[in-house]
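S.K.: Below you'll find the structure I mean.
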Amino acid sequence: GNNLVVVGGSIMYNRESKRRECLNDVRIYHPEHSTWRQLKCTGTLVERRCHISCVAGKHLVVHGGIDSIDNFLEDIMVLNIAPPEPGRFHRWASLLTEGPSPGSIANHTSQLVLFHSAAFLDMMTAGIYNKSILQSKGDRSQYDIQGIYMFGGRNERGPKNTLYLLKIGQKPCIWTKPQTSGSPPLPRYGHSMNYYPSKNILAIFGGRNDSNYKISAPAYMNDICILELNTLTWIKWEYPEGMSVPEARYSH
């Protein structure tokens, strides 16, 4: 639960092949030993960059991105990263899903939202399809807002501002588009998104949209947009007057 998992990415531009080659390896950094370990995997994960990845229980989930020949990807893949039985390997497989998926997209963000405290250790051994990965705060409706949130990104048609929730703890997992109120963030990619459990909010910062000139807005952004998950309400956070504000940026 305290390890760093890295999957895929790109390496230096190859002048001979005239492309930026991508990777599909999975490596885990163990801080207590200051060591890296590469997982031996079977199955097929297309090499990619600019994707999202998320650890839910014992499963690593990867979605979207761009491959080595600049195609946008739409697959969602899952890998059990728990120690395999002797003589066996970790195996990539397509995550079983239903519902309206984000399709081909890259440079989007994701956050896992689960209500776990004492049950955290149980969650770490649960599979993504197992209902025990979820927990209610006394209100069964809270099940409905748990899962993997994805926001924004870009595809061949440009930046997006669609919010998706992948509901886990069931088989198949279900893609949904939460019905929100308030003004959603402008379309963007290369932004950041963080979950704050104490407030039960998602916070989005920055990003890029080269089409913003059409609405007299800057291409690079430094705004903060908050999604209050209990009410699914978007709130644009206003910087206090005189506050030192970060420069507009993307890919942070």
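We name chains A, B, ... following the order of the structure tokens; residues begin at 1 in each chain, and ligands are numbered from 1 as shown.
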Name the residues in contact with range 100-103 of chain A at a cut-off of 7 Å, using only C-alpha atoms, excluding same-chain residues fewer than 4 positions from it; report them as a PyMOL selection string.
M.R.: chain A and resi 74+175-176
S.K.: Could you find all residues in range 142-220 of chain A that DSSP calls strand (DSSP E) from the backbone, and write them as a PDB file with N, CA and C atoms, in the first residue's frame?
M.R.:
ATOM      1  N   GLY A 147     -15.712   5.020  -6.664  1.00  0.00           N
ATOM      2  CA  GLY A 147     -15.199   4.448  -7.899  1.00  0.00           C
ATOM      3  C   GLY A 147     -14.022   5.251  -8.425  1.00  0.00           C
ATOM      4  N   ILE A 148     -13.767   5.126  -9.717  1.00  0.00           N
ATOM      5  CA  ILE A 148     -12.656   5.823 -10.363  1.00  0.00           C
ATOM      6  C   ILE A 148     -13.217   6.971 -11.196  1.00  0.00           C
ATOM      7  N   TYR A 149     -12.893   8.197 -10.808  1.00  0.00           N
ATOM      8  CA  TYR A 149     -13.323   9.385 -11.542  1.00  0.00           C
ATOM      9  C   TYR A 149     -12.285   9.734 -12.601  1.00  0.00           C
ATOM     10  N   MET A 150     -12.768  10.129 -13.767  1.00  0.00           N
ATOM     11  CA  MET A 150     -11.900  10.581 -14.853  1.00  0.00           C
ATOM     12  C   MET A 150     -12.451  11.891 -15.390  1.00  0.00           C
ATOM     13  N   PHE A 151     -11.531  12.816 -15.687  1.00  0.00           N
ATOM     14  CA  PHE A 151     -11.978  14.126 -16.172  1.00  0.00           C
ATOM     15  C   PHE A 151     -11.059  14.641 -17.272  1.00  0.00           C
ATOM     16  N   ARG A 154      -7.852  14.938 -24.075  1.00  0.00           N
ATOM     17  CA  ARG A 154      -8.019  15.358 -25.460  1.00  0.00           C
ATOM     18  C   ARG A 154      -8.028  14.144 -26.375  1.00  0.00           C
ATOM     19  N   ASN A 155      -8.658  14.321 -27.524  1.00  0.00           N
ATOM     20  CA  ASN A 155      -8.583  13.332 -28.596  1.00  0.00           C
ATOM     21  C   ASN A 155      -8.420  14.072 -29.919  1.00  0.00           C
ATOM     22  N   GLY A 158     -10.052  17.484 -30.081  1.00  0.00           N
ATOM     23  CA  GLY A 158      -9.671  18.562 -29.183  1.00  0.00           C
ATOM     24  C   GLY A 158      -9.897  18.235 -27.718  1.00  0.00           C
ATOM     25  N   PRO A 159      -9.708  19.227 -26.823  1.00  0.00           N
ATOM     26  CA  PRO A 159      -9.847  19.021 -25.382  1.00  0.00           C
ATOM     27  C   PRO A 159     -11.300  18.764 -24.969  1.00  0.00           C
ATOM     28  N   LEU A 163     -16.941  14.537 -17.348  1.00  0.00           N
ATOM     29  CA  LEU A 163     -16.633  13.802 -16.126  1.00  0.00           C
ATOM     30  C   LEU A 163     -17.223  12.399 -16.232  1.00  0.00           C
ATOM     31  N   TYR A 164     -16.393  11.407 -15.978  1.00  0.00           N
ATOM     32  CA  TYR A 164     -16.840  10.014 -15.962  1.00  0.00           C
ATOM     33  C   TYR A 164     -16.583   9.418 -14.589  1.00  0.00           C
ATOM     34  N   LEU A 165     -17.427   8.466 -14.222  1.00  0.00           N
ATOM     35  CA  LEU A 165     -17.222   7.670 -13.012  1.00  0.00           C
ATOM     36  C   LEU A 165     -17.320   6.204 -13.401  1.00  0.00           C
ATOM     37  N   LEU A 166     -16.239   5.461 -13.169  1.00  0.00           N
ATOM     38  CA  LEU A 166     -16.249   4.021 -13.374  1.00  0.00           C
ATOM     39  C   LEU A 166     -16.595   3.371 -12.032  1.00  0.00           C
ATOM     40  N   LYS A 167     -17.792   2.794 -11.973  1.00  0.00           N
ATOM     41  CA  LYS A 167     -18.244   2.173 -10.735  1.00  0.00           C
ATOM     42  C   LYS A 167     -17.668   0.767 -10.640  1.00  0.00           C
ATOM     43  N   CYS A 173     -17.809  -3.774 -14.382  1.00  0.00           N
ATOM     44  CA  CYS A 173     -17.789  -2.410 -13.850  1.00  0.00           C
ATOM     45  C   CYS A 173     -18.622  -1.529 -14.792  1.00  0.00           C
ATOM     46  N   ILE A 174     -19.177  -0.458 -14.260  1.00  0.00           N
ATOM     47  CA  ILE A 174     -20.130   0.344 -15.027  1.00  0.00           C
ATOM     48  C   ILE A 174     -19.601   1.754 -15.256  1.00  0.00           C
ATOM     49  N   TRP A 175     -19.513   2.156 -16.536  1.00  0.00           N
ATOM     50  CA  TRP A 175     -19.202   3.546 -16.878  1.00  0.00           C
ATOM     51  C   TRP A 175     -20.456   4.398 -16.697  1.00  0.00           C
ATOM     52  N   THR A 176     -20.314   5.543 -16.031  1.00  0.00           N
ATOM     53  CA  THR A 176     -21.422   6.486 -15.899  1.00  0.00           C
ATOM     54  C   THR A 176     -20.910   7.909 -16.136  1.00  0.00           C
ATOM     55  N   SER A 192      -4.198  18.723 -13.438  1.00  0.00           N
ATOM     56  CA  SER A 192      -4.073  17.789 -12.312  1.00  0.00           C
ATOM     57  C   SER A 192      -5.433  17.662 -11.636  1.00  0.00           C
ATOM     58  N   MET A 193      -5.640  16.523 -10.983  1.00  0.00           N
ATOM     59  CA  MET A 193      -6.874  16.309 -10.215  1.00  0.00           C
ATOM     60  C   MET A 193      -6.524  15.531  -8.960  1.00  0.00           C
ATOM     61  N   ASN A 194      -6.949  16.038  -7.809  1.00  0.00           N
ATOM     62  CA  ASN A 194      -6.647  15.402  -6.532  1.00  0.00           C
ATOM     63  C   ASN A 194      -7.916  15.207  -5.718  1.00  0.00           C
ATOM     64  N   TYR A 195      -7.909  14.155  -4.910  1.00  0.00           N
ATOM     65  CA  TYR A 195      -9.044  13.866  -4.031  1.00  0.00           C
ATOM     66  C   TYR A 195      -8.663  14.190  -2.600  1.00  0.00           C
ATOM     67  N   TYR A 196      -9.554  14.908  -1.897  1.00  0.00           N
ATOM     68  CA  TYR A 196      -9.337  15.270  -0.501  1.00  0.00           C
ATOM     69  C   TYR A 196     -10.418  14.589   0.344  1.00  0.00           C
ATOM     70  N   ILE A 201     -13.977  16.032  -1.692  1.00  0.00           N
ATOM     71  CA  ILE A 201     -14.010  16.847  -2.901  1.00  0.00           C
ATOM     72  C   ILE A 201     -12.909  16.405  -3.861  1.00  0.00           C
ATOM     73  N   LEU A 202     -13.127  16.666  -5.139  1.00  0.00           N
ATOM     74  CA  LEU A 202     -12.090  16.572  -6.157  1.00  0.00           C
ATOM     75  C   LEU A 202     -11.699  17.993  -6.542  1.00  0.00           C
ATOM     76  N   ALA A 203     -10.402  18.243  -6.658  1.00  0.00           N
ATOM     77  CA  ALA A 203      -9.907  19.570  -7.021  1.00  0.00           C
ATOM     78  C   ALA A 203      -9.083  19.471  -8.298  1.00  0.00           C
ATOM     79  N   ILE A 204      -9.446  20.274  -9.293  1.00  0.00           N
ATOM     80  CA  ILE A 204      -8.760  20.303 -10.583  1.00  0.00           C
ATOM     81  C   ILE A 204      -8.001  21.616 -10.694  1.00  0.00           C
ATOM     82  N   PHE A 205      -6.749  21.514 -11.135  1.00  0.00           N
ATOM     83  CA  PHE A 205      -5.926  22.716 -11.284  1.00  0.00           C
ATOM     84  C   PHE A 205      -5.273  22.746 -12.659  1.00  0.00           C
ATOM     85  N   GLY A 206      -5.329  23.931 -13.286  1.00  0.00           N
ATOM     86  CA  GLY A 206      -4.560  24.183 -14.499  1.00  0.00           C
ATOM     87  C   GLY A 206      -5.005  23.377 -15.701  1.00  0.00           C
ATOM     88  N   GLY A 207      -4.068  23.246 -16.647  1.00  0.00           N
ATOM     89  CA  GLY A 207      -4.342  22.558 -17.898  1.00  0.00           C
ATOM     90  C   GLY A 207      -4.180  23.465 -19.093  1.00  0.00           C
ATOM     91  N   ARG A 208      -4.485  22.914 -20.254  1.00  0.00           N
ATOM     92  CA  ARG A 208      -4.280  23.642 -21.505  1.00  0.00           C
ATOM     93  C   ARG A 208      -5.447  23.422 -22.459  1.00  0.00           C
ATOM     94  N   TYR A 220      -3.296  28.538 -21.508  1.00  0.00           N
ATOM     95  CA  TYR A 220      -2.777  27.879 -20.309  1.00  0.00           C
ATOM     96  C   TYR A 220      -3.564  28.403 -19.111  1.00  0.00           C
TER      97      TYR A 220
END
S.K.: Going by DSSP on the backbone, which residues of range 22-139 of chain A come out as helix (DSSP H, G or I)? List them as a VMD selection string.
M.R.: chain A and resid 120 to 125 131 to 133
S.K.: Record the distance separating CA of Glu228 in chain A and CA of Pro185 in chain A, expressed in Å with one decimal.
M.R.: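 Taking CA of Glu228 in chain A as the start and CA of Pro185 in chain A as the end point, the length is 13.2 Å.
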S.K.: If we count only C-alpha atoms, what is near Pro84 in chain A at a cut-off of 12 Å, once residues fewer than 5 positions away on the same chain are taken out, given as a PDB file with N, CA and C atoms, in the first residue's frame?
M.R.:
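Done, and the output landed in around22.pdb:
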ATOM      1  N   LEU A  39       7.758  -6.111 -12.810  1.00  0.00           N
ATOM      2  CA  LEU A  39       6.857  -7.253 -12.814  1.00  0.00           C
ATOM      3  C   LEU A  39       6.973  -8.022 -14.122  1.00  0.00           C
ATOM      4  N   LYS A  40       6.967  -9.339 -14.038  1.00  0.00           N
ATOM      5  CA  LYS A  40       6.934 -10.185 -15.218  1.00  0.00           C
ATOM      6  C   LYS A  40       5.475 -10.428 -15.587  1.00  0.00           C
ATOM      7  N   CYS A  41       5.085  -9.947 -16.754  1.00  0.00           N
ATOM      8  CA  CYS A  41       3.679  -9.957 -17.137  1.00  0.00           C
ATOM      9  C   CYS A  41       3.447 -10.741 -18.422  1.00  0.00           C
ATOM     10  N   THR A  42       2.292 -11.381 -18.493  1.00  0.00           N
ATOM     11  CA  THR A  42       1.820 -11.972 -19.735  1.00  0.00           C
ATOM     12  C   THR A  42       0.596 -11.182 -20.187  1.00  0.00           C
ATOM     13  N   LYS A  58      -6.172  -4.812  -5.230  1.00  0.00           N
ATOM     14  CA  LYS A  58      -4.998  -5.534  -5.736  1.00  0.00           C
ATOM     15  C   LYS A  58      -4.841  -5.383  -7.240  1.00  0.00           C
ATOM     16  N   LEU A  79      -4.555  -5.325 -14.302  1.00  0.00           N
ATOM     17  CA  LEU A  79      -3.473  -6.247 -13.941  1.00  0.00           C
ATOM     18  C   LEU A  79      -3.530  -6.510 -12.444  1.00  0.00           C
ATOM     19  N   PHE A  89       2.808 -15.807 -13.649  1.00  0.00           N
ATOM     20  CA  PHE A  89       3.132 -14.404 -13.893  1.00  0.00           C
ATOM     21  C   PHE A  89       1.886 -13.537 -13.724  1.00  0.00           C
ATOM     22  N   HIS A  90       2.110 -12.252 -13.564  1.00  0.00           N
ATOM     23  CA  HIS A  90       1.010 -11.296 -13.609  1.00  0.00           C
ATOM     24  C   HIS A  90       0.467 -11.273 -15.042  1.00  0.00           C
ATOM     25  N   ARG A  91      -0.839 -11.118 -15.195  1.00  0.00           N
ATOM     26  CA  ARG A  91      -1.438 -11.212 -16.530  1.00  0.00           C
ATOM     27  C   ARG A  91      -2.349 -10.018 -16.811  1.00  0.00           C
TER      28      ARG A  91
END
S.K.: Which one of A:Gly8, A:Arg157, A:Pro240, A:Leu227 sits closest to Gln179 in chain A if you count only C-alpha atoms?
M.R.: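 Closest residue, counting only C-alpha atoms: A:Leu227.
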S.K.: When distances are computed from only C-alpha atoms, which of A:Pro86, A:Gly64, A:Gly152, A:Gly57 shows the smallest separation from Ile133 in chain A?
M.R.: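 Closest to Ile133 in chain A, using only C-alpha atoms: A:Gly57.
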S.K.: Write out as a PyMOL selection string which residues come within 9 Å of Leu229 in chain A when counting only C-alpha atoms, dropping same-chain ones fewer than 4 positions away.
M.R.: chain A and resi 145+199-202+233-234
S.K.: Which residue gives the smallest distance to Ala56 in chain A among A:Gly242, A:Gly169, A:Pro218, A:Gly87, with only C-alpha atoms counted?
M.R.: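 Of the candidates, the smallest distance to Ala56 in chain A is held by A:Gly169.
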S.K.: Would you mind listing what lies within 7 Å of range 24-35 of chain A as an NGL selection string, with only C-alpha atoms counted and same-chain residues fewer than 6 positions away left out?
M.R.: :A and (3-8 or 45-48)
S.K.: Those selected residues, please, written with N, CA, C and O atoms and delivered as a PDB file, in the first residue's frame.
M.R.:
ATOM      1  N   ASN A   3       3.788   1.580  -1.791  1.00  0.00           N
ATOM      2  CA  ASN A   3       4.733   1.494  -2.894  1.00  0.00           C
ATOM      3  C   ASN A   3       4.303   2.384  -4.051  1.00  0.00           C
ATOM      4  O   ASN A   3       3.139   2.769  -4.172  1.00  0.00           O
ATOM      5  N   LEU A   4       5.256   2.698  -4.915  1.00  0.00           N
ATOM      6  CA  LEU A   4       5.003   3.491  -6.109  1.00  0.00           C
ATOM      7  C   LEU A   4       4.960   2.569  -7.314  1.00  0.00           C
ATOM      8  O   LEU A   4       5.893   1.797  -7.543  1.00  0.00           O
ATOM      9  N   VAL A   5       3.884   2.633  -8.090  1.00  0.00           N
ATOM     10  CA  VAL A   5       3.728   1.797  -9.279  1.00  0.00           C
ATOM     11  C   VAL A   5       3.830   2.684 -10.515  1.00  0.00           C
ATOM     12  O   VAL A   5       3.133   3.697 -10.621  1.00  0.00           O
ATOM     13  N   VAL A   6       4.707   2.321 -11.446  1.00  0.00           N
ATOM     14  CA  VAL A   6       4.903   3.060 -12.694  1.00  0.00           C
ATOM     15  C   VAL A   6       4.620   2.116 -13.852  1.00  0.00           C
ATOM     16  O   VAL A   6       5.132   1.002 -13.891  1.00  0.00           O
ATOM     17  N   VAL A   7       3.808   2.591 -14.810  1.00  0.00           N
ATOM     18  CA  VAL A   7       3.490   1.764 -15.973  1.00  0.00           C
ATOM     19  C   VAL A   7       3.620   2.595 -17.250  1.00  0.00           C
ATOM     20  O   VAL A   7       3.092   3.697 -17.340  1.00  0.00           O
ATOM     21  N   GLY A   8       4.376   2.060 -18.218  1.00  0.00           N
ATOM     22  CA  GLY A   8       4.495   2.688 -19.532  1.00  0.00           C
ATOM     23  C   GLY A   8       5.194   4.028 -19.505  1.00  0.00           C
ATOM     24  O   GLY A   8       6.017   4.329 -18.649  1.00  0.00           O
ATOM     25  N   LEU A  45      -0.425  -5.450 -23.205  1.00  0.00           N
ATOM     26  CA  LEU A  45      -0.719  -4.043 -22.955  1.00  0.00           C
ATOM     27  C   LEU A  45      -0.001  -3.254 -24.029  1.00  0.00           C
ATOM     28  O   LEU A  45       1.228  -3.302 -24.132  1.00  0.00           O
ATOM     29  N   VAL A  46      -0.746  -2.540 -24.860  1.00  0.00           N
ATOM     30  CA  VAL A  46      -0.140  -1.732 -25.912  1.00  0.00           C
ATOM     31  C   VAL A  46       0.765  -0.678 -25.283  1.00  0.00           C
ATOM     32  O   VAL A  46       0.400  -0.035 -24.289  1.00  0.00           O
ATOM     33  N   GLU A  47       1.971  -0.506 -25.842  1.00  0.00           N
ATOM     34  CA  GLU A  47       2.873   0.532 -25.363  1.00  0.00           C
ATOM     35  C   GLU A  47       2.172   1.887 -25.470  1.00  0.00           C
ATOM     36  O   GLU A  47       1.517   2.173 -26.470  1.00  0.00           O
ATOM     37  N   ARG A  48       2.374   2.758 -24.455  1.00  0.00           N
ATOM     38  CA  ARG A  48       1.625   4.008 -24.448  1.00  0.00           C
ATOM     39  C   ARG A  48       2.263   5.072 -23.567  1.00  0.00           C
ATOM     40  O   ARG A  48       3.085   4.782 -22.697  1.00  0.00           O
TER      41      ARG A  48
END
S.K.: For CA of Cys50 in chain A and CA of Ile66 in chain A, quote the distance in Å rounded to one decimal.
M.R.: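 One can read the CA of Cys50 in chain A to CA of Ile66 in chain A distance as 6.1 Å.
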S.K.: What separation in Å, quoted to one decimal, exists between CA of His252 in chain A and CA of Gly182 in chain A?
M.R.: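 Spanning CA of His252 in chain A to CA of Gly182 in chain A is a straight-line distance of 26.0 Å.
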S.K.: For a quick check of understanding, using only C-alpha atoms, which of A:Gly153, A:Gly99, A:Pro172, A:Pro246 has the smallest distance to Pro187 in chain A?
M.R.: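 Checking each of A:Gly153, A:Gly99, A:Pro172, A:Pro246 against Pro187 in chain A, counting only C-alpha atoms, the winner is A:Gly153.
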S.K.: With only C-alpha atoms as the atoms that count, which of A:Leu232, A:Met243, A:Ile168, A:Leu114 lies nearest to Ile128 in chain A?
M.R.: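 So, comparing all the options, the nearest one is A:Ile168.
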